[in-house]
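Enquirer: The following file, start.pdb, comprises PDB, C-alpha atoms:
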```
ATOM      1  CA  MET U   1       6.997  12.185  22.142
ATOM      2  CA  VAL U   2       5.341  13.938  19.230
ATOM      3  CA  ALA U   3       3.626  11.826  16.579
ATOM      4  CA  SER U   4       1.541  12.552  13.501
ATOM      5  CA  ASP U   5      -0.832  10.422  11.472
ATOM      6  CA  VAL U   6      -0.595  11.906   7.990
ATOM      7  CA  LYS U   7       2.447  10.173   6.533
ATOM      8  CA  SER U   8       2.531   7.162   4.257
ATOM      9  CA  ALA U   9       4.412   3.886   4.487
ATOM     10  CA  ARG U  10       7.446   3.305   2.273
ATOM     11  CA  ILE U  11       8.027  -0.447   2.677
ATOM     12  CA  GLN U  12       6.685  -2.168  -0.414
ATOM     13  CA  ALA U  13       4.418  -4.529   1.557
ATOM     14  CA  GLN U  14       2.468  -1.580   2.958
ATOM     15  CA  PHE U  15       3.425   1.122   0.503
ATOM     16  CA  GLY U  16       1.174   4.178   0.586
ATOM     17  CA  LYS U  17      -0.728   3.155   3.683
ATOM     18  CA  PRO U  18      -0.912   5.605   6.565
ATOM     19  CA  ILE U  19       1.494   5.223   9.431
ATOM     20  CA  VAL U  20       2.014   6.865  12.762
ATOM     21  CA  TYR U  21       5.142   8.912  12.163
ATOM     22  CA  VAL U  22       7.235   9.751  15.215
ATOM     23  CA  GLU U  23       8.125  13.413  14.809
ATOM     24  CA  LEU U  24      10.131  13.514  18.024
ATOM     25  CA  LEU U  25      11.126  10.933  20.592
ATOM     26  CA  ALA U  26      13.581  11.951  23.301
ATOM     27  CA  ALA U  27      14.405  11.149  26.905
ATOM     28  CA  ALA U  28      14.669  13.942  29.443
ATOM     29  CA  PRO U  29      18.233  14.712  30.579
ATOM     30  CA  TRP U  30      17.658  13.071  33.982
ATOM     31  CA  ASN U  31      16.695   9.854  32.191
ATOM     32  CA  ARG U  32      19.909   9.675  30.156
ATOM     33  CA  SER U  33      22.815   7.806  31.683
ATOM     34  CA  LYS U  34      25.290   9.935  29.740
ATOM     35  CA  ILE U  35      24.070  12.985  31.652
ATOM     36  CA  GLN U  36      22.917  11.651  35.013
ATOM     37  CA  ARG U  37      23.913   8.474  36.836
ATOM     38  CA  PRO U  38      21.893   6.785  37.999
ATOM     39  CA  LYS U  39      19.216   7.977  35.640
ATOM     40  CA  ARG U  40      15.840   8.582  37.217
ATOM     41  CA  PHE U  41      13.664   6.394  34.972
ATOM     42  CA  HIS U  42      14.683   3.447  32.819
ATOM     43  CA  GLY U  43      13.083   2.204  29.623
ATOM     44  CA  VAL U  44      11.780   5.525  28.327
ATOM     45  CA  GLY U  45      12.365   4.485  24.703
ATOM     46  CA  THR U  46      10.502   1.217  25.181
ATOM     47  CA  VAL U  47       7.519   2.895  26.814
ATOM     48  CA  MET U  48       7.268   5.582  24.138
ATOM     49  CA  MET U  49       7.598   3.127  21.273
ATOM     50  CA  THR U  50       4.906   1.002  22.913
ATOM     51  CA  ALA U  51       2.705   4.096  22.961
ATOM     52  CA  ALA U  52       3.444   4.811  19.281
ATOM     53  CA  VAL U  53       2.481   1.266  18.286
ATOM     54  CA  GLN U  54      -0.661   1.419  20.423
ATOM     55  CA  LEU U  55      -1.621   4.758  18.859
ATOM     56  CA  SER U  56      -1.218   3.169  15.432
ATOM     57  CA  ILE U  57      -3.489   0.301  16.462
ATOM     58  CA  ASP U  58      -6.056   2.695  17.945
ATOM     59  CA  LEU U  59      -6.122   4.582  14.626
ATOM     60  CA  ASP U  60      -6.665   1.290  12.790
ATOM     61  CA  TYR U  61      -3.221   1.582  11.206
ATOM     62  CA  LYS U  62      -2.496  -1.918  12.568
ATOM     63  CA  GLY U  63       0.776  -0.999  14.279
ATOM     64  CA  ARG U  64       2.482   0.643  11.294
ATOM     65  CA  VAL U  65       5.024   3.175  12.589
ATOM     66  CA  GLY U  66       7.785   5.164  10.880
ATOM     67  CA  LEU U  67      10.580   7.341  12.194
ATOM     68  CA  HIS U  68      13.998   8.774  11.453
ATOM     69  CA  SER U  69      16.532   7.577  14.002
ATOM     70  CA  LEU U  70      19.042   9.979  15.453
ATOM     71  CA  PRO U  71      22.613   8.876  14.730
ATOM     72  CA  GLY U  72      23.580   6.411  17.455
ATOM     73  CA  ALA U  73      20.074   5.152  18.186
ATOM     74  CA  GLU U  74      19.771   2.906  15.129
ATOM     75  CA  SER U  75      20.442  -0.358  16.952
ATOM     76  CA  PHE U  76      17.618   0.320  19.411
ATOM     77  CA  TYR U  77      15.098   0.607  16.586
ATOM     78  CA  GLN U  78      16.488  -2.253  14.532
ATOM     79  CA  ASP U  79      17.410  -4.779  17.217
ATOM     80  CA  GLU U  80      15.105  -4.002  20.130
ATOM     81  CA  CYS U  81      12.057  -2.729  18.278
ATOM     82  CA  GLY U  82      12.468  -4.986  15.232
ATOM     83  CA  MET U  83      11.962  -2.188  12.705
ATOM     84  CA  THR U  84      13.269  -2.286   9.146
ATOM     85  CA  PRO U  85      15.934   0.257   8.144
ATOM     86  CA  LEU U  86      15.242   1.726   4.719
ATOM     87  CA  GLY U  87      18.526   3.534   4.301
ATOM     88  CA  ASN U  88      19.756   7.065   4.703
ATOM     89  CA  ASP U  89      17.173   9.678   3.816
ATOM     90  CA  ALA U  90      18.670  12.672   2.045
ATOM     91  CA  ALA U  91      15.485  14.648   2.656
ATOM     92  CA  TYR U  92      15.947  14.295   6.413
ATOM     93  CA  GLY U  93      19.553  15.168   7.114
ATOM     94  CA  ASN U  94      20.687  11.760   5.862
ATOM     95  CA  TRP U  95      19.325  10.056   8.979
ATOM     96  CA  ILE U  96      18.256   6.446   8.588
ATOM     97  CA  TYR U  97      14.521   5.930   8.111
ATOM     98  CA  PHE U  98      12.956   2.987   9.950
ATOM     99  CA  GLU U  99       9.547   1.493   9.497
ATOM    100  CA  MET U 100       7.549  -1.051  11.490
ATOM    101  CA  THR U 101       5.180  -3.291   9.557
ATOM    102  CA  GLU U 102       1.975  -4.772  10.904
ATOM    103  CA  LYS U 103       3.745  -8.106  11.442
ATOM    104  CA  GLN U 104       6.693  -6.435  13.163
ATOM    105  CA  ALA U 105       4.281  -4.562  15.427
ATOM    106  CA  GLU U 106       2.712  -7.862  16.385
ATOM    107  CA  LEU U 107       6.137  -9.292  17.228
ATOM    108  CA  PHE U 108       7.093  -6.151  19.146
ATOM    109  CA  ARG U 109       4.018  -6.502  21.305
ATOM    110  CA  GLN U 110       4.668 -10.195  21.930
ATOM    111  CA  LYS U 111       8.398 -10.151  22.729
TER     112      LYS U 111
ATOM    113  CA  MET E   1      -7.876  10.407  17.403
ATOM    114  CA  LYS E   2      -9.141   8.562  20.458
ATOM    115  CA  GLY E   3      -8.891   9.986  23.950
ATOM    116  CA  ASN E   4      -7.242   7.651  26.416
ATOM    117  CA  MET E   5      -4.700   5.128  25.301
ATOM    118  CA  GLU E   6      -4.553   1.766  27.025
ATOM    119  CA  LEU E   7      -1.157   0.143  27.395
ATOM    120  CA  THR E   8      -2.070  -3.361  28.411
ATOM    121  CA  HIS E   9       1.281  -5.148  28.704
ATOM    122  CA  SER E  10       2.169  -6.916  31.916
ATOM    123  CA  LYS E  11       4.689  -5.643  34.442
ATOM    124  CA  GLU E  12       6.966  -8.561  33.510
ATOM    125  CA  TRP E  13       6.792  -7.572  29.832
ATOM    126  CA  TYR E  14       7.935  -4.064  30.641
ATOM    127  CA  GLU E  15      10.665  -5.274  32.987
ATOM    128  CA  GLN E  16      12.134  -7.566  30.335
ATOM    129  CA  ARG E  17      11.961  -4.949  27.599
ATOM    130  CA  ILE E  18      13.346  -2.178  29.768
ATOM    131  CA  ALA E  19      16.277  -4.366  30.827
ATOM    132  CA  ARG E  20      17.082  -4.976  27.169
ATOM    133  CA  GLU E  21      16.934  -1.277  26.372
ATOM    134  CA  GLY E  22      19.599  -0.603  28.994
ATOM    135  CA  ASP E  23      21.441   2.640  28.351
ATOM    136  CA  ALA E  24      20.882   2.629  24.594
ATOM    137  CA  ASP E  25      20.405   5.914  22.769
ATOM    138  CA  ILE E  26      16.754   6.189  21.777
ATOM    139  CA  GLY E  27      16.443   9.599  20.129
ATOM    140  CA  ALA E  28      14.369   9.867  16.973
ATOM    141  CA  GLY E  29      12.438  12.346  14.921
ATOM    142  CA  THR E  30      13.120  15.328  12.769
ATOM    143  CA  PHE E  31      10.955  17.733  14.738
ATOM    144  CA  ALA E  32      14.014  19.450  16.195
ATOM    145  CA  ALA E  33      16.211  18.794  13.193
ATOM    146  CA  PHE E  34      14.182  21.081  10.956
ATOM    147  CA  ARG E  35      16.206  23.849  12.512
ATOM    148  CA  GLU E  36      19.309  22.320  10.981
ATOM    149  CA  PRO E  37      20.326  23.396   7.504
ATOM    150  CA  THR E  38      20.905  19.803   6.361
ATOM    151  CA  VAL E  39      17.196  18.978   6.527
ATOM    152  CA  VAL E  40      14.932  20.087   3.692
ATOM    153  CA  PRO E  41      11.304  20.057   4.901
ATOM    154  CA  ALA E  42       9.789  20.816   1.490
ATOM    155  CA  GLN E  43      11.642  17.902  -0.096
ATOM    156  CA  ALA E  44      10.597  15.656   2.769
ATOM    157  CA  ALA E  45       6.928  16.569   2.453
ATOM    158  CA  LEU E  46       7.113  16.026  -1.286
ATOM    159  CA  ILE E  47       7.846  12.318  -0.899
ATOM    160  CA  ASP E  48       4.755  11.810   1.254
ATOM    161  CA  THR E  49       2.636  13.769  -1.204
ATOM    162  CA  ARG E  50       3.834  11.641  -4.109
ATOM    163  CA  ILE E  51       3.171   8.407  -2.239
ATOM    164  CA  ALA E  52      -0.443   9.557  -1.809
ATOM    165  CA  PHE E  53      -0.566  10.582  -5.490
ATOM    166  CA  GLY E  54       0.685   7.171  -6.606
ATOM    167  CA  THR E  55      -1.845   5.408  -4.407
ATOM    168  CA  PHE E  56      -4.644   7.510  -5.854
ATOM    169  CA  VAL E  57      -3.625   6.685  -9.439
ATOM    170  CA  GLU E  58      -3.417   2.980  -8.660
ATOM    171  CA  LEU E  59      -6.786   2.855  -6.897
ATOM    172  CA  TRP E  60      -8.455   4.907  -9.618
ATOM    173  CA  ARG E  61      -7.516   2.403 -12.304
ATOM    174  CA  ARG E  62      -8.269  -0.596 -10.115
ATOM    175  CA  ASN E  63     -11.667   0.871  -9.380
ATOM    176  CA  ARG E  64     -12.278   0.612 -13.132
ATOM    177  CA  GLY E  65     -10.685  -2.827 -13.362
ATOM    178  CA  TRP E  66      -7.893  -1.380 -15.520
ATOM    179  CA  ASP E  67      -4.273  -2.442 -15.550
ATOM    180  CA  ALA E  68      -1.442   0.070 -15.924
ATOM    181  CA  ILE E  69      -1.273  -0.483 -19.699
ATOM    182  CA  LYS E  70      -4.917   0.367 -20.217
ATOM    183  CA  LEU E  71      -4.603   3.558 -18.170
ATOM    184  CA  ALA E  72      -1.434   4.478 -20.083
ATOM    185  CA  GLU E  73      -3.259   4.008 -23.387
ATOM    186  CA  ALA E  74      -6.226   6.081 -22.246
ATOM    187  CA  ALA E  75      -3.956   8.904 -21.116
ATOM    188  CA  GLY E  76      -1.517   8.640 -24.004
ATOM    189  CA  VAL E  77       1.528   8.111 -21.791
ATOM    190  CA  ASN E  78       4.049   5.315 -21.398
ATOM    191  CA  PRO E  79       3.064   2.417 -19.100
ATOM    192  CA  GLU E  80       6.441   2.881 -17.412
ATOM    193  CA  GLU E  81       5.357   6.375 -16.447
ATOM    194  CA  ILE E  82       2.246   4.982 -14.742
ATOM    195  CA  LEU E  83       4.249   2.386 -12.829
ATOM    196  CA  GLU E  84       6.795   4.996 -11.808
ATOM    197  CA  ILE E  85       4.049   7.283 -10.522
ATOM    198  CA  GLU E  86       2.534   4.438  -8.531
ATOM    199  CA  HIS E  87       5.715   3.043  -7.031
ATOM    200  CA  SER E  88       8.580   5.573  -7.192
ATOM    201  CA  PRO E  89       7.752   8.636  -5.105
ATOM    202  CA  GLN E  90      11.352   9.808  -5.408
ATOM    203  CA  SER E  91      10.828  10.438  -9.128
ATOM    204  CA  GLU E  92       9.218  13.635 -10.309
ATOM    205  CA  PRO E  93       6.346  12.832 -12.663
ATOM    206  CA  GLU E  94       6.183  14.560 -16.032
ATOM    207  CA  PRO E  95       3.754  17.507 -15.841
ATOM    208  CA  ASN E  96       2.357  16.528 -19.225
ATOM    209  CA  ALA E  97       1.583  13.010 -17.975
ATOM    210  CA  VAL E  98      -0.167  14.378 -14.873
ATOM    211  CA  PHE E  99      -2.150  16.775 -17.038
ATOM    212  CA  ARG E 100      -3.258  13.905 -19.283
ATOM    213  CA  LEU E 101      -4.167  11.721 -16.317
ATOM    214  CA  ALA E 102      -6.309  14.529 -14.889
ATOM    215  CA  ALA E 103      -8.250  14.554 -18.155
ATOM    216  CA  VAL E 104      -8.832  10.803 -17.949
ATOM    217  CA  PHE E 105      -9.841  11.030 -14.276
ATOM    218  CA  GLU E 106     -12.061  14.028 -15.101
ATOM    219  CA  ILE E 107     -10.706  16.068 -12.211
ATOM    220  CA  PRO E 108      -9.140  19.541 -12.362
ATOM    221  CA  SER E 109      -5.512  19.312 -13.470
ATOM    222  CA  LYS E 110      -4.438  21.851 -10.830
ATOM    223  CA  ILE E 111      -5.560  19.501  -8.061
ATOM    224  CA  LEU E 112      -3.737  16.532  -9.540
ATOM    225  CA  MET E 113      -0.634  18.678 -10.141
ATOM    226  CA  GLU E 114      -0.759  19.644  -6.476
ATOM    227  CA  LEU E 115      -1.163  16.038  -5.384
ATOM    228  CA  ALA E 116       1.794  15.116  -7.618
ATOM    229  CA  GLY E 117       3.908  17.759  -5.893
ATOM    230  CA  LEU E 118       4.399  19.747  -9.097
ATOM    231  CA  ILE E 119       2.860  22.984  -7.842
ATOM    232  CA  GLU E 120       2.840  24.693  -4.463
ATOM    233  CA  PRO E 121       0.343  23.171  -1.986
ATOM    234  CA  ARG E 122      -2.827  25.252  -1.741
ATOM    235  CA  THR E 123      -5.218  22.799  -0.144
ATOM    236  CA  PRO E 124      -3.600  21.351   3.004
ATOM    237  CA  ASP E 125      -6.337  18.784   3.573
ATOM    238  CA  LEU E 126      -5.932  17.226   0.143
ATOM    239  CA  ARG E 127      -2.910  15.058   0.912
ATOM    240  CA  LYS E 128      -4.298  14.135   4.310
ATOM    241  CA  ALA E 129      -7.482  12.936   2.641
ATOM    242  CA  ALA E 130      -5.444  10.945   0.118
ATOM    243  CA  VAL E 131      -3.436   9.237   2.835
ATOM    244  CA  ARG E 132      -6.540   8.394   4.820
ATOM    245  CA  PHE E 133      -8.297   6.741   1.928
ATOM    246  CA  ALA E 134      -5.161   4.685   1.269
ATOM    247  CA  ALA E 135      -5.563   3.286   4.802
ATOM    248  CA  ARG E 136      -8.438   1.214   3.634
ATOM    249  CA  SER E 137      -6.880  -0.236   0.479
ATOM    250  CA  GLU E 138      -5.187  -3.553  -0.106
ATOM    251  CA  SER E 139      -2.909  -4.717  -2.919
ATOM    252  CA  VAL E 140      -5.375  -6.891  -4.760
ATOM    253  CA  ALA E 141      -6.652  -6.783  -8.303
ATOM    254  CA  ALA E 142     -10.117  -5.448  -7.573
ATOM    255  CA  LEU E 143     -11.356  -3.026  -4.957
ATOM    256  CA  ASN E 144     -13.340  -4.575  -2.159
ATOM    257  CA  PRO E 145     -16.448  -2.761  -0.837
ATOM    258  CA  HIS E 146     -14.448  -0.960   1.876
ATOM    259  CA  GLU E 147     -11.861   0.214  -0.640
ATOM    260  CA  ARG E 148     -14.545   1.334  -3.040
ATOM    261  CA  GLU E 149     -16.255   3.293  -0.277
ATOM    262  CA  ALA E 150     -12.942   4.933   0.709
ATOM    263  CA  PHE E 151     -12.110   5.686  -2.909
ATOM    264  CA  GLU E 152     -15.475   7.283  -3.583
ATOM    265  CA  ALA E 153     -15.203   9.349  -0.394
ATOM    266  CA  PHE E 154     -11.831  10.666  -1.536
ATOM    267  CA  VAL E 155     -13.120  11.479  -4.996
ATOM    268  CA  SER E 156     -15.896  13.455  -3.291
ATOM    269  CA  THR E 157     -13.228  15.309  -1.314
ATOM    270  CA  ILE E 158     -11.449  16.183  -4.555
ATOM    271  CA  ALA E 159     -14.696  17.341  -6.085
ATOM    272  CA  GLY E 160     -15.420  19.448  -3.002
ATOM    273  CA  THR E 161     -11.948  20.992  -3.140
ATOM    274  CA  ALA E 162     -12.401  21.803  -6.810
ATOM    275  CA  ARG E 163     -15.640  23.672  -6.097
ATOM    276  CA  LYS E 164     -13.999  25.925  -3.463
TER     277      LYS E 164
END
```
Would you mind giving the structure from this file in structure tokens?
Expert:
Amino acid sequence: MVASDVKSARIQAQFGKPIVYVELLAAAPWNRSKIQRPKRFHGVGTVMMTAAVQLSIDLDYKGRVGLHSLPGAESFYQDECGMTPLGNDAAYGNWIYFEMTEKQAELFRQK
Amino acid sequence: MKGNMELTHSKEWYEQRIAREGDADIGAGTFAAFREPTVVPAQAALIDTRIAFGTFVELWRRNRGWDAIKLAEAAGVNPEEILEIEHSPQSEPEPNAVFRLAAVFEIPSKILMELAGLIEPRTPDLRKAAVRFAARSESVAALNPHEREAFEAFVSTIAGTARK
């Protein structure tokens, strides 16, 4: 995972505030069931998103995280991570931009 | 950034979450996608720059206890322009409005034009500083002591950049 801390939130409730932006989040080929069965490690997405939220908390960004989901991964970020989709982003290959608010981060950590 | 990160969830928490993740696709991030022709990095960076610009404008006027109308009057621009700058990073601000705001703020217009994304970035730390000071702001009418401290620190950064 590659993350940066110089981007700003887009959701109105936290507009302009810094977020941890996930530049890259990917599972290794041996951890993808489409490539290797059984995959070696499970839950790579969960662990890395947990790390992103924790990084945001450590930076005093209160769990605010943003990312552009690869096509096909949207339901993981919306349903499992509880992030808010903010629509297709023309500046980023039309991928859907997701953001996690402070409240959503709290829920993510509790679930 | 701090050194070691502590992930304090229980084993049961991870087991439940990992079971729910299943075989879902989890890929995210444009790091690799910048190699694709459909992604426009400059346009992407521009949105973040304008969010920081809008936050700066809003905190500047709040630091004075001004509403958007009062700032618009002082700068000689439409109040709608101020609100658009503060809340619509997708919109390109009018160069004339940014120039007039720089005069009101008493900061070099080139720096504000850069923060507004109207000229090529020359000071890479400027936007980063703007985003960091926004971390300590809240959407209330007046700046609290923490916000004021953050605002003044950022203004000092601008002043320092202008002297270089």
Enquirer: Provide the atom CA of E:Arg64 to atom CA of E:Pro145 distance in Å, to one decimal place.
Expert: 13.4 Å
Enquirer: Smallest atom-to-atom distance to U:Pro29: which of E:Asp25, E:His9, E:Val77, E:Glu147, using only C-alpha atoms?
Expert: E:Asp25
Enquirer: Select, as a ChimeraX atom specification, those residues of chain U with any atom no more than 7 Å from chain E (distances computed using all atoms listed in the file).
Expert: /U:6-8,16-18,22-26,33,42-43,45-46,59,67-70,72-73,76,91-93
Enquirer: I'd like the residues picked by the PyMOL selection byres ((chain U and resi 66) around 6) written out as a ChimeraX atom specification, using the chain letters and numbers from the file.
Expert: /U:21,65,67,98-99
Enquirer: At a cut-off of 12 Å, using only C-alpha atoms, what residues contact U:Arg109? Leave out same-chain residues fewer than 5 positions from it and give the result as a ChimeraX atom specification.
Expert: /U:46-47,49-54,57,62-63,80-82,100,102-104 /E:7-10,13-14,17
Enquirer: For a test of reading the model, state the distance in Å between atom CA of E:Ala72 and atom CA of E:Phe105, rounded to one decimal.
Expert: 12.1 Å
Enquirer: Taking (-7.8, 11.8, -17.6) in the file's coordinates as the center, which residues reach within 12 Å of it, counting all atoms listed in the file, put as a VMD selection string?
Expert: chain E and resid 57 60 to 61 71 to 77 96 to 109 112
Enquirer: Enclose all atoms of stretch 83-90 of chain U listed in the file in an axis-aligned box, grow every side by 5 Å, and hand back centre and edge lengths in Å to one decimal, as JSON.
Expert:
```
{"center_x": 15.9, "center_y": 5.2, "center_z": 7.4, "size_x": 17.8, "size_y": 25.0, "size_z": 20.7}
```
Enquirer: Rank nothing, just name the residue among U:Gln110, U:Ser4, U:Gln36, U:Gln12 nearest to U:Thr84, using only C-alpha atoms.
Expert: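 Once distances to U:Thr84 are computed over only C-alpha atoms, the minimum belongs to U:Gln12.
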Enquirer: From the list E:Ile85, E:Ala68, E:Ile158, E:Leu59, which residue is nearest E:Thr123 when using all atoms listed in the file?
Expert: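 When distances to E:Thr123 are compared using all atoms listed in the file, the smallest one comes from E:Ile158.
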Enquirer: Would you mind reading off the distance between atom CA of U:Thr101 and atom CA of U:Phe15, one decimal, in Å?
Expert: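 Going from atom CA of U:Thr101 over to atom CA of U:Phe15, I get 10.2 Å.
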Enquirer: Generate N, CA and C atoms for stretch 19-50 of chain U and emit them as an mmCIF file, in the frame of the given file.
Expert:
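What ended up in selection_26.cif:
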```
data_model
loop_
_atom_site.group_PDB
_atom_site.id
_atom_site.type_symbol
_atom_site.label_atom_id
_atom_site.label_comp_id
_atom_site.auth_asym_id
_atom_site.auth_seq_id
_atom_site.Cartn_x
_atom_site.Cartn_y
_atom_site.Cartn_z
ATOM 1 N N ILE U 19 0.731 5.694 8.277
ATOM 2 C CA ILE U 19 1.494 5.223 9.431
ATOM 3 C C ILE U 19 1.422 6.286 10.520
ATOM 4 N N VAL U 20 1.724 5.878 11.724
ATOM 5 C CA VAL U 20 2.014 6.865 12.762
ATOM 6 C C VAL U 20 3.486 7.215 12.590
ATOM 7 N N TYR U 21 3.752 8.476 12.345
ATOM 8 C CA TYR U 21 5.142 8.912 12.163
ATOM 9 C C TYR U 21 5.591 9.624 13.438
ATOM 10 N N VAL U 22 6.709 9.161 13.983
ATOM 11 C CA VAL U 22 7.235 9.751 15.215
ATOM 12 C C VAL U 22 8.040 10.999 14.856
ATOM 13 N N GLU U 23 7.460 12.139 15.130
ATOM 14 C CA GLU U 23 8.125 13.413 14.809
ATOM 15 C C GLU U 23 9.287 13.679 15.777
ATOM 16 N N LEU U 24 9.087 13.277 17.013
ATOM 17 C CA LEU U 24 10.131 13.514 18.024
ATOM 18 C C LEU U 24 9.990 12.485 19.136
ATOM 19 N N LEU U 25 11.094 11.846 19.454
ATOM 20 C CA LEU U 25 11.126 10.933 20.592
ATOM 21 C C LEU U 25 12.440 11.185 21.315
ATOM 22 N N ALA U 26 12.362 11.631 22.556
ATOM 23 C CA ALA U 26 13.581 11.951 23.301
ATOM 24 C C ALA U 26 13.371 11.715 24.784
ATOM 25 N N ALA U 27 14.453 11.326 25.454
ATOM 26 C CA ALA U 27 14.405 11.149 26.905
ATOM 27 C C ALA U 27 14.853 12.454 27.567
ATOM 28 N N ALA U 28 14.250 12.752 28.688
ATOM 29 C CA ALA U 28 14.669 13.942 29.443
ATOM 30 C C ALA U 28 16.107 13.751 29.926
ATOM 31 N N PRO U 29 16.817 14.826 30.162
ATOM 32 C CA PRO U 29 18.233 14.712 30.579
ATOM 33 C C PRO U 29 18.424 13.813 31.796
ATOM 34 N N TRP U 30 17.500 13.875 32.773
ATOM 35 C CA TRP U 30 17.658 13.071 33.982
ATOM 36 C C TRP U 30 17.352 11.586 33.751
ATOM 37 N N ASN U 31 16.918 11.268 32.534
ATOM 38 C CA ASN U 31 16.695 9.854 32.191
ATOM 39 C C ASN U 31 17.738 9.345 31.200
ATOM 40 N N ARG U 32 18.824 10.091 31.058
ATOM 41 C CA ARG U 32 19.909 9.675 30.156
ATOM 42 C C ARG U 32 21.153 9.404 30.991
ATOM 43 N N SER U 33 21.663 8.186 30.857
ATOM 44 C CA SER U 33 22.815 7.806 31.683
ATOM 45 C C SER U 33 24.063 8.599 31.334
ATOM 46 N N LYS U 34 24.106 9.148 30.111
ATOM 47 C CA LYS U 34 25.290 9.935 29.740
ATOM 48 C C LYS U 34 25.316 11.272 30.472
ATOM 49 N N ILE U 35 24.162 11.689 30.975
ATOM 50 C CA ILE U 35 24.070 12.985 31.652
ATOM 51 C C ILE U 35 23.933 12.818 33.165
ATOM 52 N N GLN U 36 23.130 11.855 33.577
ATOM 53 C CA GLN U 36 22.917 11.651 35.013
ATOM 54 C C GLN U 36 22.983 10.175 35.359
ATOM 55 N N ARG U 37 23.822 9.853 36.340
ATOM 56 C CA ARG U 37 23.913 8.474 36.836
ATOM 57 C C ARG U 37 23.634 8.447 38.335
ATOM 58 N N PRO U 38 22.762 7.608 38.831
ATOM 59 C CA PRO U 38 21.893 6.785 37.999
ATOM 60 C C PRO U 38 20.769 7.637 37.401
ATOM 61 N N LYS U 39 20.312 7.224 36.236
ATOM 62 C CA LYS U 39 19.216 7.977 35.640
ATOM 63 C C LYS U 39 17.933 7.721 36.438
ATOM 64 N N ARG U 40 17.027 8.649 36.357
ATOM 65 C CA ARG U 40 15.840 8.582 37.217
ATOM 66 C C ARG U 40 14.885 7.469 36.777
ATOM 67 N N PHE U 41 14.558 7.444 35.470
ATOM 68 C CA PHE U 41 13.664 6.394 34.972
ATOM 69 C C PHE U 41 14.365 5.599 33.870
ATOM 70 N N HIS U 42 14.120 4.320 33.856
ATOM 71 C CA HIS U 42 14.683 3.447 32.819
ATOM 72 C C HIS U 42 13.586 3.098 31.807
ATOM 73 N N GLY U 43 14.027 2.746 30.605
ATOM 74 C CA GLY U 43 13.083 2.204 29.623
ATOM 75 C C GLY U 43 12.173 3.227 28.969
ATOM 76 N N VAL U 44 12.619 4.470 28.915
ATOM 77 C CA VAL U 44 11.780 5.525 28.327
ATOM 78 C C VAL U 44 11.509 5.245 26.835
ATOM 79 N N GLY U 45 12.531 4.777 26.135
ATOM 80 C CA GLY U 45 12.365 4.485 24.703
ATOM 81 C C GLY U 45 11.343 3.380 24.487
ATOM 82 N N THR U 46 11.432 2.340 25.301
ATOM 83 C CA THR U 46 10.502 1.217 25.181
ATOM 84 C C THR U 46 9.066 1.670 25.426
ATOM 85 N N VAL U 47 8.879 2.449 26.467
ATOM 86 C CA VAL U 47 7.519 2.895 26.814
ATOM 87 C C VAL U 47 6.960 3.788 25.697
ATOM 88 N N MET U 48 7.786 4.673 25.165
ATOM 89 C CA MET U 48 7.268 5.582 24.138
ATOM 90 C C MET U 48 7.011 4.858 22.812
ATOM 91 N N MET U 49 7.863 3.895 22.496
ATOM 92 C CA MET U 49 7.598 3.127 21.273
ATOM 93 C C MET U 49 6.339 2.266 21.436
ATOM 94 N N THR U 50 6.135 1.760 22.641
ATOM 95 C CA THR U 50 4.906 1.002 22.913
ATOM 96 C C THR U 50 3.691 1.899 22.694
#
```
